[in-house]
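Shown next: model-v9.cif, containing mmCIF, C-alpha atoms, pLDDT in the B column; chains and numbers go by the auth columns.
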```cif
data_work
loop_
_atom_site.group_PDB
_atom_site.id
_atom_site.type_symbol
_atom_site.label_atom_id
_atom_site.label_comp_id
_atom_site.label_asym_id
_atom_site.label_seq_id
_atom_site.Cartn_x
_atom_site.Cartn_y
_atom_site.Cartn_z
_atom_site.B_iso_or_equiv
_atom_site.auth_seq_id
_atom_site.auth_asym_id
ATOM 1 C CA GLN A 1 30.769 133.478 -19.778 82.00 1 Y
ATOM 2 C CA THR A 2 31.227 133.253 -16.026 89.00 2 Y
ATOM 3 C CA VAL A 3 31.892 129.763 -14.683 94.00 3 Y
ATOM 4 C CA VAL A 4 31.419 129.134 -10.964 97.00 4 Y
ATOM 5 C CA THR A 5 33.420 126.219 -9.620 97.00 5 Y
ATOM 6 C CA GLN A 6 32.682 123.839 -6.750 98.00 6 Y
ATOM 7 C CA GLU A 7 34.177 120.562 -5.629 98.00 7 Y
ATOM 8 C CA PRO A 8 32.146 117.776 -7.286 97.00 8 Y
ATOM 9 C CA SER A 9 32.105 115.722 -4.120 97.00 9 Y
ATOM 10 C CA PHE A 10 33.236 115.745 -0.516 97.00 10 Y
ATOM 11 C CA SER A 11 32.898 113.431 2.428 97.00 11 Y
ATOM 12 C CA VAL A 12 32.853 114.112 6.143 97.00 12 Y
ATOM 13 C CA SER A 13 32.568 111.945 9.224 97.00 13 Y
ATOM 14 C CA PRO A 14 29.596 112.407 11.522 97.00 14 Y
ATOM 15 C CA GLY A 15 30.465 115.152 13.976 97.00 15 Y
ATOM 16 C CA GLY A 16 33.245 116.418 11.778 98.00 16 Y
ATOM 17 C CA THR A 17 33.772 119.751 10.094 98.00 17 Y
ATOM 18 C CA VAL A 18 33.813 120.304 6.349 98.00 18 Y
ATOM 19 C CA THR A 19 34.360 123.385 4.226 98.00 19 Y
ATOM 20 C CA LEU A 20 32.968 123.547 0.718 98.00 20 Y
ATOM 21 C CA THR A 21 34.231 126.241 -1.604 98.00 21 Y
ATOM 22 C CA CYS A 22 32.889 128.315 -4.468 98.00 22 Y
ATOM 23 C CA GLY A 23 35.266 129.918 -6.904 97.00 23 Y
ATOM 24 C CA LEU A 24 35.481 131.537 -10.298 96.00 24 Y
ATOM 25 C CA SER A 25 37.180 130.072 -13.337 93.00 25 Y
ATOM 26 C CA SER A 26 38.727 133.482 -13.745 91.00 26 Y
ATOM 27 C CA GLY A 27 39.189 135.853 -10.857 92.00 27 Y
ATOM 28 C CA SER A 28 38.452 135.925 -7.153 96.00 28 Y
ATOM 29 C CA VAL A 29 35.185 135.743 -5.272 97.00 29 Y
ATOM 30 C CA SER A 30 34.591 138.619 -2.865 96.00 30 Y
ATOM 31 C CA THR A 31 31.653 139.847 -0.829 95.00 31 Y
ATOM 32 C CA SER A 32 30.715 141.948 -3.851 94.00 32 Y
ATOM 33 C CA TYR A 33 29.445 138.769 -5.492 96.00 33 Y
ATOM 34 C CA TYR A 34 26.934 138.327 -2.639 96.00 34 Y
ATOM 35 C CA PRO A 35 27.518 134.568 -2.508 97.00 35 Y
ATOM 36 C CA SER A 36 24.641 132.426 -1.367 98.00 36 Y
ATOM 37 C CA TRP A 37 24.412 128.728 -0.601 98.00 37 Y
ATOM 38 C CA TYR A 38 21.609 126.192 -1.095 98.00 38 Y
ATOM 39 C CA GLN A 39 21.042 122.652 0.100 98.00 39 Y
ATOM 40 C CA GLN A 40 19.138 120.160 -2.021 98.00 40 Y
ATOM 41 C CA THR A 41 18.119 116.603 -1.270 97.00 41 Y
ATOM 42 C CA PRO A 42 16.932 114.272 -4.044 94.00 42 Y
ATOM 43 C CA GLY A 43 13.499 115.079 -5.402 94.00 43 Y
ATOM 44 C CA GLN A 44 13.200 118.277 -3.394 97.00 44 Y
ATOM 45 C CA ALA A 45 13.450 121.945 -4.179 98.00 45 Y
ATOM 46 C CA PRO A 46 16.604 123.667 -2.932 98.00 46 Y
ATOM 47 C CA ARG A 47 16.615 125.331 0.476 98.00 47 Y
ATOM 48 C CA ALA A 48 18.446 128.581 1.148 98.00 48 Y
ATOM 49 C CA LEU A 49 21.166 128.283 3.783 98.00 49 Y
ATOM 50 C CA ILE A 50 23.369 131.373 3.534 98.00 50 Y
ATOM 51 C CA TYR A 51 23.131 134.665 1.652 97.00 51 Y
ATOM 52 C CA SER A 52 25.253 137.793 1.345 96.00 52 Y
ATOM 53 C CA THR A 53 28.337 135.704 2.151 97.00 53 Y
ATOM 54 C CA ASN A 54 27.582 134.877 5.773 97.00 54 Y
ATOM 55 C CA ILE A 55 23.971 135.556 6.767 97.00 55 Y
ATOM 56 C CA ARG A 56 22.005 132.461 7.702 97.00 56 Y
ATOM 57 C CA SER A 57 18.508 132.121 6.314 96.00 57 Y
ATOM 58 C CA SER A 58 15.653 131.788 8.733 94.00 58 Y
ATOM 59 C CA GLY A 59 15.650 128.479 10.573 96.00 59 Y
ATOM 60 C CA VAL A 60 19.115 127.391 9.469 97.00 60 Y
ATOM 61 C CA PRO A 61 21.170 125.897 12.325 96.00 61 Y
ATOM 62 C CA ASP A 62 24.252 127.830 13.378 95.00 62 Y
ATOM 63 C CA ARG A 63 26.481 124.903 12.487 97.00 63 Y
ATOM 64 C CA PHE A 64 26.213 126.229 8.926 98.00 64 Y
ATOM 65 C CA SER A 65 28.366 129.270 8.324 98.00 65 Y
ATOM 66 C CA GLY A 66 29.581 131.218 5.315 98.00 66 Y
ATOM 67 C CA SER A 67 32.738 133.180 4.687 98.00 67 Y
ATOM 68 C CA ILE A 68 35.333 134.236 2.154 98.00 68 Y
ATOM 69 C CA LEU A 69 38.455 132.074 2.319 97.00 69 Y
ATOM 70 C CA GLY A 70 41.239 133.340 0.148 95.00 70 Y
ATOM 71 C CA ASN A 71 39.774 133.906 -3.284 96.00 71 Y
ATOM 72 C CA LYS A 72 36.667 131.772 -2.793 98.00 72 Y
ATOM 73 C CA ALA A 73 33.392 131.786 -0.948 98.00 73 Y
ATOM 74 C CA ALA A 74 33.112 129.009 1.587 98.00 74 Y
ATOM 75 C CA LEU A 75 30.391 127.078 3.371 98.00 75 Y
ATOM 76 C CA THR A 76 31.475 125.401 6.587 98.00 76 Y
ATOM 77 C CA ILE A 77 29.446 122.740 8.340 98.00 77 Y
ATOM 78 C CA THR A 78 30.545 122.169 11.927 98.00 78 Y
ATOM 79 C CA GLY A 79 29.418 118.992 13.641 97.00 79 Y
ATOM 80 C CA ALA A 80 28.094 117.310 10.505 97.00 80 Y
ATOM 81 C CA GLN A 81 24.986 115.198 10.886 97.00 81 Y
ATOM 82 C CA SER A 82 23.653 112.401 8.728 96.00 82 Y
ATOM 83 C CA ASP A 83 20.856 114.568 7.382 95.00 83 Y
ATOM 84 C CA ASP A 84 23.441 117.031 6.063 97.00 84 Y
ATOM 85 C CA GLU A 85 24.115 114.509 3.313 97.00 85 Y
ATOM 86 C CA SER A 86 22.876 116.533 0.340 97.00 86 Y
ATOM 87 C CA ASP A 87 23.921 118.467 -2.720 98.00 87 Y
ATOM 88 C CA TYR A 88 25.152 121.980 -1.999 98.00 88 Y
ATOM 89 C CA TYR A 89 25.090 124.789 -4.528 98.00 89 Y
ATOM 90 C CA CYS A 90 26.567 128.242 -4.410 98.00 90 Y
ATOM 91 C CA VAL A 91 25.248 131.183 -6.390 98.00 91 Y
ATOM 92 C CA LEU A 92 27.134 134.326 -7.307 97.00 92 Y
ATOM 93 C CA PHE A 93 25.744 137.713 -8.354 95.00 93 Y
ATOM 94 C CA VAL A 94 28.081 138.334 -11.242 92.00 94 Y
ATOM 95 C CA GLY A 95 26.862 141.724 -12.291 82.00 95 Y
ATOM 96 C CA ASN A 96 24.437 143.050 -14.889 85.00 96 Y
ATOM 97 C CA GLY A 97 21.743 141.530 -12.711 87.00 97 Y
ATOM 98 C CA ILE A 98 22.793 137.987 -13.509 93.00 98 Y
ATOM 99 C CA LEU A 99 23.042 135.096 -11.058 95.00 99 Y
ATOM 100 C CA VAL A 100 25.156 132.025 -11.761 97.00 100 Y
ATOM 101 C CA PHE A 101 25.011 128.664 -10.001 98.00 101 Y
ATOM 102 C CA GLY A 102 28.041 126.554 -9.346 98.00 102 Y
ATOM 103 C CA GLY A 103 28.108 122.950 -10.433 98.00 103 Y
ATOM 104 C CA GLY A 104 27.231 121.719 -6.971 98.00 104 Y
ATOM 105 C CA THR A 105 29.004 119.567 -4.380 98.00 105 Y
ATOM 106 C CA LYS A 106 27.651 116.190 -3.369 98.00 106 Y
ATOM 107 C CA LEU A 107 28.348 115.814 0.350 98.00 107 Y
ATOM 108 C CA THR A 108 28.523 112.368 1.890 98.00 108 Y
ATOM 109 C CA VAL A 109 28.416 111.911 5.647 97.00 109 Y
ATOM 110 C CA LEU A 110 30.031 108.620 6.633 92.00 110 Y
ATOM 111 C CA GLN B 1 2.765 132.401 4.147 96.00 1 E
ATOM 112 C CA VAL B 2 4.737 132.738 0.934 97.00 2 E
ATOM 113 C CA THR B 3 4.155 130.076 -1.697 98.00 3 E
ATOM 114 C CA LEU B 4 5.036 129.638 -5.350 98.00 4 E
ATOM 115 C CA ARG B 5 3.729 127.011 -7.743 98.00 5 E
ATOM 116 C CA GLU B 6 4.940 126.234 -11.245 98.00 6 E
ATOM 117 C CA SER B 7 2.631 125.004 -13.971 98.00 7 E
ATOM 118 C CA GLY B 8 2.956 124.148 -17.627 97.00 8 E
ATOM 119 C CA PRO B 9 3.068 121.269 -20.085 98.00 9 E
ATOM 120 C CA ALA B 10 4.832 118.093 -19.071 98.00 10 E
ATOM 121 C CA LEU B 11 5.774 117.294 -22.662 98.00 11 E
ATOM 122 C CA VAL B 12 6.775 119.521 -25.547 98.00 12 E
ATOM 123 C CA LYS B 13 8.067 118.670 -28.996 98.00 13 E
ATOM 124 C CA PRO B 14 11.408 119.823 -30.353 97.00 14 E
ATOM 125 C CA THR B 15 11.295 123.297 -31.904 97.00 15 E
ATOM 126 C CA GLN B 16 8.172 124.199 -29.930 98.00 16 E
ATOM 127 C CA THR B 17 7.971 127.109 -27.503 98.00 17 E
ATOM 128 C CA LEU B 18 7.580 126.282 -23.821 98.00 18 E
ATOM 129 C CA THR B 19 5.390 128.478 -21.640 98.00 19 E
ATOM 130 C CA LEU B 20 5.617 128.112 -17.865 98.00 20 E
ATOM 131 C CA THR B 21 3.632 129.982 -15.252 98.00 21 E
ATOM 132 C CA CYS B 22 4.664 130.691 -11.676 98.00 22 E
ATOM 133 C CA THR B 23 1.677 131.534 -9.495 98.00 23 E
ATOM 134 C CA PHE B 24 2.593 133.002 -6.144 98.00 24 E
ATOM 135 C CA SER B 25 0.974 134.213 -2.955 97.00 25 E
ATOM 136 C CA GLY B 26 2.047 135.886 0.256 97.00 26 E
ATOM 137 C CA PHE B 27 3.990 138.721 -1.353 97.00 27 E
ATOM 138 C CA SER B 28 3.575 141.303 -4.074 96.00 28 E
ATOM 139 C CA LEU B 29 5.748 141.885 -7.112 96.00 29 E
ATOM 140 C CA THR B 30 4.929 145.567 -6.838 95.00 30 E
ATOM 141 C CA THR B 31 6.915 145.853 -3.608 95.00 31 E
ATOM 142 C CA SER B 32 10.293 147.546 -4.075 94.00 32 E
ATOM 143 C CA GLY B 33 13.093 145.019 -4.091 94.00 33 E
ATOM 144 C CA MET B 34 10.904 142.017 -4.818 96.00 34 E
ATOM 145 C CA CYS B 35 11.871 139.735 -7.704 97.00 35 E
ATOM 146 C CA VAL B 36 11.124 136.258 -9.052 98.00 36 E
ATOM 147 C CA SER B 37 13.653 134.012 -10.744 98.00 37 E
ATOM 148 C CA TRP B 38 13.356 130.879 -12.862 98.00 38 E
ATOM 149 C CA ILE B 39 15.857 128.062 -12.388 98.00 39 E
ATOM 150 C CA ARG B 40 16.061 124.662 -14.029 98.00 40 E
ATOM 151 C CA GLN B 41 17.711 121.325 -13.305 98.00 41 E
ATOM 152 C CA PRO B 42 18.196 118.590 -15.912 98.00 42 E
ATOM 153 C CA PRO B 43 17.912 115.068 -14.523 97.00 43 E
ATOM 154 C CA GLY B 44 20.961 114.271 -12.391 96.00 44 E
ATOM 155 C CA LYS B 45 22.600 117.594 -13.158 97.00 45 E
ATOM 156 C CA ALA B 46 23.197 120.951 -11.533 98.00 46 E
ATOM 157 C CA LEU B 47 20.841 123.843 -11.046 98.00 47 E
ATOM 158 C CA GLU B 48 20.956 126.553 -13.707 98.00 48 E
ATOM 159 C CA TRP B 49 19.666 130.098 -13.265 98.00 49 E
ATOM 160 C CA LEU B 50 17.570 131.216 -16.225 98.00 50 E
ATOM 161 C CA ALA B 51 15.939 134.598 -15.718 98.00 51 E
ATOM 162 C CA ARG B 52 14.628 137.164 -13.268 97.00 52 E
ATOM 163 C CA ILE B 53 11.942 139.800 -13.318 97.00 53 E
ATOM 164 C CA ASP B 54 11.865 142.660 -10.846 96.00 54 E
ATOM 165 C CA TRP B 55 9.209 144.769 -9.166 96.00 55 E
ATOM 166 C CA ASP B 56 10.055 147.604 -11.574 94.00 56 E
ATOM 167 C CA ASP B 57 9.694 145.380 -14.678 95.00 57 E
ATOM 168 C CA ASP B 58 13.429 145.033 -15.252 95.00 58 E
ATOM 169 C CA GLU B 59 14.311 141.691 -16.822 97.00 59 E
ATOM 170 C CA TYR B 60 17.558 139.723 -16.655 96.00 60 E
ATOM 171 C CA TYR B 61 18.554 136.588 -18.522 97.00 61 E
ATOM 172 C CA SER B 62 21.165 133.891 -18.495 96.00 62 E
ATOM 173 C CA THR B 63 23.908 134.862 -20.932 94.00 63 E
ATOM 174 C CA SER B 64 23.794 131.509 -22.688 95.00 64 E
ATOM 175 C CA LEU B 65 19.999 131.385 -23.096 97.00 65 E
ATOM 176 C CA LYS B 66 18.945 134.992 -23.426 95.00 66 E
ATOM 177 C CA THR B 67 18.084 134.736 -27.109 97.00 67 E
ATOM 178 C CA ARG B 68 15.490 132.066 -26.330 98.00 68 E
ATOM 179 C CA LEU B 69 13.961 133.368 -23.086 98.00 69 E
ATOM 180 C CA THR B 70 11.269 135.882 -22.274 98.00 70 E
ATOM 181 C CA ILE B 71 10.039 136.601 -18.760 98.00 71 E
ATOM 182 C CA SER B 72 6.983 138.651 -17.909 98.00 72 E
ATOM 183 C CA LYS B 73 4.637 139.287 -15.007 97.00 73 E
ATOM 184 C CA ASP B 74 0.977 139.888 -14.365 97.00 74 E
ATOM 185 C CA THR B 75 0.759 141.535 -10.978 94.00 75 E
ATOM 186 C CA SER B 76 -3.038 141.422 -10.969 95.00 76 E
ATOM 187 C CA LYS B 77 -2.895 137.630 -11.150 97.00 77 E
ATOM 188 C CA ASN B 78 0.275 137.242 -9.046 97.00 78 E
ATOM 189 C CA GLN B 79 1.919 135.354 -11.877 98.00 79 E
ATOM 190 C CA VAL B 80 5.288 135.288 -13.617 98.00 80 E
ATOM 191 C CA VAL B 81 5.513 133.684 -17.046 98.00 81 E
ATOM 192 C CA LEU B 82 8.621 132.285 -18.691 98.00 82 E
ATOM 193 C CA THR B 83 8.720 131.363 -22.348 98.00 83 E
ATOM 194 C CA MET B 84 11.567 129.414 -23.910 98.00 84 E
ATOM 195 C CA ALA B 85 11.678 129.180 -27.669 98.00 85 E
ATOM 196 C CA ASN B 86 12.993 126.449 -29.897 98.00 86 E
ATOM 197 C CA MET B 87 12.996 123.685 -27.289 98.00 87 E
ATOM 198 C CA GLU B 88 15.453 120.825 -27.658 98.00 88 E
ATOM 199 C CA PRO B 89 15.795 117.483 -25.869 98.00 89 E
ATOM 200 C CA VAL B 90 18.655 118.949 -23.790 98.00 90 E
ATOM 201 C CA ASP B 91 16.109 121.347 -22.281 98.00 91 E
ATOM 202 C CA THR B 92 14.444 118.416 -20.535 98.00 92 E
ATOM 203 C CA ALA B 93 14.519 119.433 -16.874 98.00 93 E
ATOM 204 C CA THR B 94 12.636 120.328 -13.744 98.00 94 E
ATOM 205 C CA TYR B 95 11.857 124.031 -13.838 98.00 95 E
ATOM 206 C CA PHE B 96 11.595 125.970 -10.573 98.00 96 E
ATOM 207 C CA CYS B 97 10.546 129.496 -9.743 98.00 97 E
ATOM 208 C CA ALA B 98 11.787 131.224 -6.611 98.00 98 E
ATOM 209 C CA ARG B 99 11.304 134.503 -4.808 98.00 99 E
ATOM 210 C CA VAL B 100 14.415 136.671 -4.644 96.00 100 E
ATOM 211 C CA PRO B 101 14.205 139.737 -2.430 95.00 101 E
ATOM 212 C CA PHE B 102 16.771 142.441 -3.110 92.00 102 E
ATOM 213 C CA TYR B 103 17.829 145.017 -0.592 91.00 103 E
ATOM 214 C CA TYR B 104 18.743 148.616 -1.332 89.00 104 E
ATOM 215 C CA GLY B 105 22.077 149.905 -0.171 86.00 105 E
ATOM 216 C CA SER B 106 24.737 152.352 -1.326 85.00 106 E
ATOM 217 C CA GLY B 107 22.652 153.428 -4.258 87.00 107 E
ATOM 218 C CA SER B 108 22.013 149.967 -5.698 87.00 108 E
ATOM 219 C CA TYR B 109 19.992 146.830 -5.162 88.00 109 E
ATOM 220 C CA TYR B 110 21.677 143.608 -4.052 89.00 110 E
ATOM 221 C CA PRO B 111 20.296 140.088 -3.772 89.00 111 E
ATOM 222 C CA LEU B 112 19.326 138.335 -0.622 91.00 112 E
ATOM 223 C CA ALA B 113 18.552 134.623 -0.876 92.00 113 E
ATOM 224 C CA MET B 114 16.251 132.810 -3.250 95.00 114 E
ATOM 225 C CA ASP B 115 14.323 132.239 -0.101 95.00 115 E
ATOM 226 C CA VAL B 116 11.135 130.481 -1.164 97.00 116 E
ATOM 227 C CA TRP B 117 10.923 127.986 -4.013 98.00 117 E
ATOM 228 C CA GLY B 118 8.120 126.240 -5.800 98.00 118 E
ATOM 229 C CA GLN B 119 8.127 122.453 -5.910 98.00 119 E
ATOM 230 C CA GLY B 120 9.134 122.475 -9.572 98.00 120 E
ATOM 231 C CA THR B 121 7.505 121.222 -12.751 98.00 121 E
ATOM 232 C CA THR B 122 9.062 118.580 -14.959 98.00 122 E
ATOM 233 C CA VAL B 123 9.262 119.230 -18.680 98.00 123 E
ATOM 234 C CA THR B 124 10.306 116.584 -21.195 98.00 124 E
ATOM 235 C CA VAL B 125 11.250 117.533 -24.726 98.00 125 E
ATOM 236 C CA SER B 126 10.608 114.668 -27.106 96.00 126 E
ATOM 237 C CA SER B 127 8.978 114.026 -30.428 95.00 127 E
#
```
Encoding of this model in C-alpha cells:
Amino acid sequence: QTVVTQEPSFSVSPGGTVTLTCGLSSGSVSTSYYPSWYQQTPGQAPRALIYSTNIRSSGVPDRFSGSILGNKAALTITGAQSDDESDYYCVLFVGNGILVFGGGTKLTVL
Amino acid sequence: QVTLRESGPALVKPTQTLTLTCTFSGFSLTTSGMCVSWIRQPPGKALEWLARIDWDDDEYYSTSLKTRLTISKDTSKNQVVLTMANMEPVDTATYFCARVPFYYGSGSYYPLAMDVWGQGTTVTVSS
C-alpha cells in the first residue's frame, strides 16, 4: 500500500518563507503523480491550492507555489501571513485511478 | 455555481451498512472528464480518500477499504451514493464529497484538483 509522507508540523515567522514536502515511503514523487495541495482550517472543508504539481487553483494568491524538489513534491509559501496557519495536505495520483492523501502538515505562523 | 452537499445518518451501529448521498449542482456527471470522489476525516486526524466515480461509470476505491465500499451515481438526480459495509467505531468521521475534473492528454485522463467540496457530514459509529 502506498504511503504518502508529510512533515507533521512546521512553523514559520510572519513574512517568512516555508516549504512543505510530500514524499513516498518508497520511491520518488514526480510530475507523473500529479501532486495537488489542499489547505484546511478547523471545522472547514479543504480548499484546493495547487494541482498538477504547480498550477494554482482559481483565487489562490501567488505566494503559494508548487514544485518538485529532489524526490518530493513541495508547497512553498512566500511571505507567510497569520491566516496561512492551517493544516496542509498533499494528494498523489498513484495509478490505477487511485488518489492517496498524505498525513498532513500543521503549519503554525508565529 | 458548483455546489455539493452530503447527506446521511448521523449515527450508525457497528456492523451496519452506511449509505451516504452527495447531491450536486452546477455540473454534470455525464460530461467527459468529470468525476466525484468521497473523502473522510476522523476527528483530529488526516483526510483519507475513499472512492471515485467517473462520467463513464468507472469506479475506483481505496486499496485498504475496497472490499467494504460501493460507489454509484444517478445522473438524473445529480447524485452520487457511497455505501460502506460492516461499519466499526473507527469509521467515525466527517465524510466529504468533492468534484474532481480530469483532463485528457497523451491518450489518458489525469486529475486536476478536487476543486469544489461539500461541507461534510459527520457519522458516528456506536451501539
**OP:** Compile the contact shell of Glu7 in chain Y as JSON, numbers by chain: residues with an atom at most 8 Å away, counting only C-alpha atoms, same-chain residues fewer than 4 positions apart removed.
**Re:** {"Y": [20, 21, 22, 104, 105]}
Take the residues from that selection and write them out as a compact mmCIF listing (two decimals), in the frame of the given file, keeping C-alpha atoms.
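Result file part_4.txt:
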```txt
# COMPACT_ATOMS: atom_id res chain seq x y z
CA LEU Y 20 32.97 123.55 0.72
CA THR Y 21 34.23 126.24 -1.60
CA CYS Y 22 32.89 128.32 -4.47
CA GLY Y 104 27.23 121.72 -6.97
CA THR Y 105 29.00 119.57 -4.38
```
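Atom pair CA of Phe102 in chain E / CA of Gln41 in chain E: separated by 23.5 Å.
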Original post:
Which residues fall under the PyMOL selection byres ((chain E and resi 2-13) around 12) in this file, as a PyMOL selection string?
Top reply: (chain Y and resi 45) or (chain E and resi 1+14-28+36-40+78-100+114-127)
Subject >> Test item: chain Y residues at most 10 Å from chain E, counting only C-alpha atoms, as a PyMOL selection string >> reply: chain Y and resi 1-2+32-38+40+42-53+55-58+87-93+95-105
Output of the above residues as a PDB file, in the coordinates of the input, restricted to C-alpha atoms:
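Okay, this is what ended up in out.pdb:
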```pdb
ATOM      1  CA  GLN Y   1      30.769 133.478 -19.778  1.00 82.00           C
ATOM      2  CA  THR Y   2      31.227 133.253 -16.026  1.00 89.00           C
ATOM      3  CA  SER Y  32      30.715 141.948  -3.851  1.00 94.00           C
ATOM      4  CA  TYR Y  33      29.445 138.769  -5.492  1.00 96.00           C
ATOM      5  CA  TYR Y  34      26.934 138.327  -2.639  1.00 96.00           C
ATOM      6  CA  PRO Y  35      27.518 134.568  -2.508  1.00 97.00           C
ATOM      7  CA  SER Y  36      24.641 132.426  -1.367  1.00 98.00           C
ATOM      8  CA  TRP Y  37      24.412 128.728  -0.601  1.00 98.00           C
ATOM      9  CA  TYR Y  38      21.609 126.192  -1.095  1.00 98.00           C
ATOM     10  CA  GLN Y  40      19.138 120.160  -2.021  1.00 98.00           C
ATOM     11  CA  PRO Y  42      16.932 114.272  -4.044  1.00 94.00           C
ATOM     12  CA  GLY Y  43      13.499 115.079  -5.402  1.00 94.00           C
ATOM     13  CA  GLN Y  44      13.200 118.277  -3.394  1.00 97.00           C
ATOM     14  CA  ALA Y  45      13.450 121.945  -4.179  1.00 98.00           C
ATOM     15  CA  PRO Y  46      16.604 123.667  -2.932  1.00 98.00           C
ATOM     16  CA  ARG Y  47      16.615 125.331   0.476  1.00 98.00           C
ATOM     17  CA  ALA Y  48      18.446 128.581   1.148  1.00 98.00           C
ATOM     18  CA  LEU Y  49      21.166 128.283   3.783  1.00 98.00           C
ATOM     19  CA  ILE Y  50      23.369 131.373   3.534  1.00 98.00           C
ATOM     20  CA  TYR Y  51      23.131 134.665   1.652  1.00 97.00           C
ATOM     21  CA  SER Y  52      25.253 137.793   1.345  1.00 96.00           C
ATOM     22  CA  THR Y  53      28.337 135.704   2.151  1.00 97.00           C
ATOM     23  CA  ILE Y  55      23.971 135.556   6.767  1.00 97.00           C
ATOM     24  CA  ARG Y  56      22.005 132.461   7.702  1.00 97.00           C
ATOM     25  CA  SER Y  57      18.508 132.121   6.314  1.00 96.00           C
ATOM     26  CA  SER Y  58      15.653 131.788   8.733  1.00 94.00           C
ATOM     27  CA  ASP Y  87      23.921 118.467  -2.720  1.00 98.00           C
ATOM     28  CA  TYR Y  88      25.152 121.980  -1.999  1.00 98.00           C
ATOM     29  CA  TYR Y  89      25.090 124.789  -4.528  1.00 98.00           C
ATOM     30  CA  CYS Y  90      26.567 128.242  -4.410  1.00 98.00           C
ATOM     31  CA  VAL Y  91      25.248 131.183  -6.390  1.00 98.00           C
ATOM     32  CA  LEU Y  92      27.134 134.326  -7.307  1.00 97.00           C
ATOM     33  CA  PHE Y  93      25.744 137.713  -8.354  1.00 95.00           C
ATOM     34  CA  GLY Y  95      26.862 141.724 -12.291  1.00 82.00           C
ATOM     35  CA  ASN Y  96      24.437 143.050 -14.889  1.00 85.00           C
ATOM     36  CA  GLY Y  97      21.743 141.530 -12.711  1.00 87.00           C
ATOM     37  CA  ILE Y  98      22.793 137.987 -13.509  1.00 93.00           C
ATOM     38  CA  LEU Y  99      23.042 135.096 -11.058  1.00 95.00           C
ATOM     39  CA  VAL Y 100      25.156 132.025 -11.761  1.00 97.00           C
ATOM     40  CA  PHE Y 101      25.011 128.664 -10.001  1.00 98.00           C
ATOM     41  CA  GLY Y 102      28.041 126.554  -9.346  1.00 98.00           C
ATOM     42  CA  GLY Y 103      28.108 122.950 -10.433  1.00 98.00           C
ATOM     43  CA  GLY Y 104      27.231 121.719  -6.971  1.00 98.00           C
ATOM     44  CA  THR Y 105      29.004 119.567  -4.380  1.00 98.00           C
TER      45      THR Y 105
END
```
Taking every listed atom of range 48-51 of chain E and adding 6 Å to each side, what centre and edge lengths in Å (one decimal) does the axis-aligned box have, as JSON?
```
{"center_x": 18.4, "center_y": 130.6, "center_z": -14.7, "size_x": 17.0, "size_y": 20.0, "size_z": 15.0}
```
**OP:** Mind listing whatever residues come within 9 Å of the point (34.8, 114.9, 8.9)? Use only C-alpha atoms, file coordinates, and give them as a PyMOL selection string.
**Re:** chain Y and resi 11-18+78-80+109-110
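Note that the spacing between CA of Val29 in chain Y and CA of Asn54 in chain Y amounts to 13.4 Å.
The shortest atom-to-atom distance to Gly33 in chain E, with all atoms listed in the file taken into account, belongs to E:Pro101 out of E:Ser106, E:Pro101, E:Thr70, E:Thr75.
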Original post:
To one decimal place, how far is CA of Ser26 in chain Y from CA of Leu65 in chain E in Å?
Top reply: 21.0 Å
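Close contacts of Ile68 in chain Y, defined as residues with an atom at most 7 Å away when counting only C-alpha atoms, with chain neighbours fewer than 5 positions off set aside, comprise Ser30, Ala73 and Ala74 of chain Y.
Proximity of Y:Thr31, Y:Gly59, Y:Thr19, Y:Gln6 to Leu75 in chain Y, computed with all atoms listed in the file, is greatest for Y:Thr19.
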Original post:
If we count all atoms listed in the file, what is near Gly23 in chain Y at a cut-off of 6 Å, once residues fewer than 5 positions away on the same chain are taken out, given as a VMD selection string?
Top reply: chain Y and resid 4 to 5 72
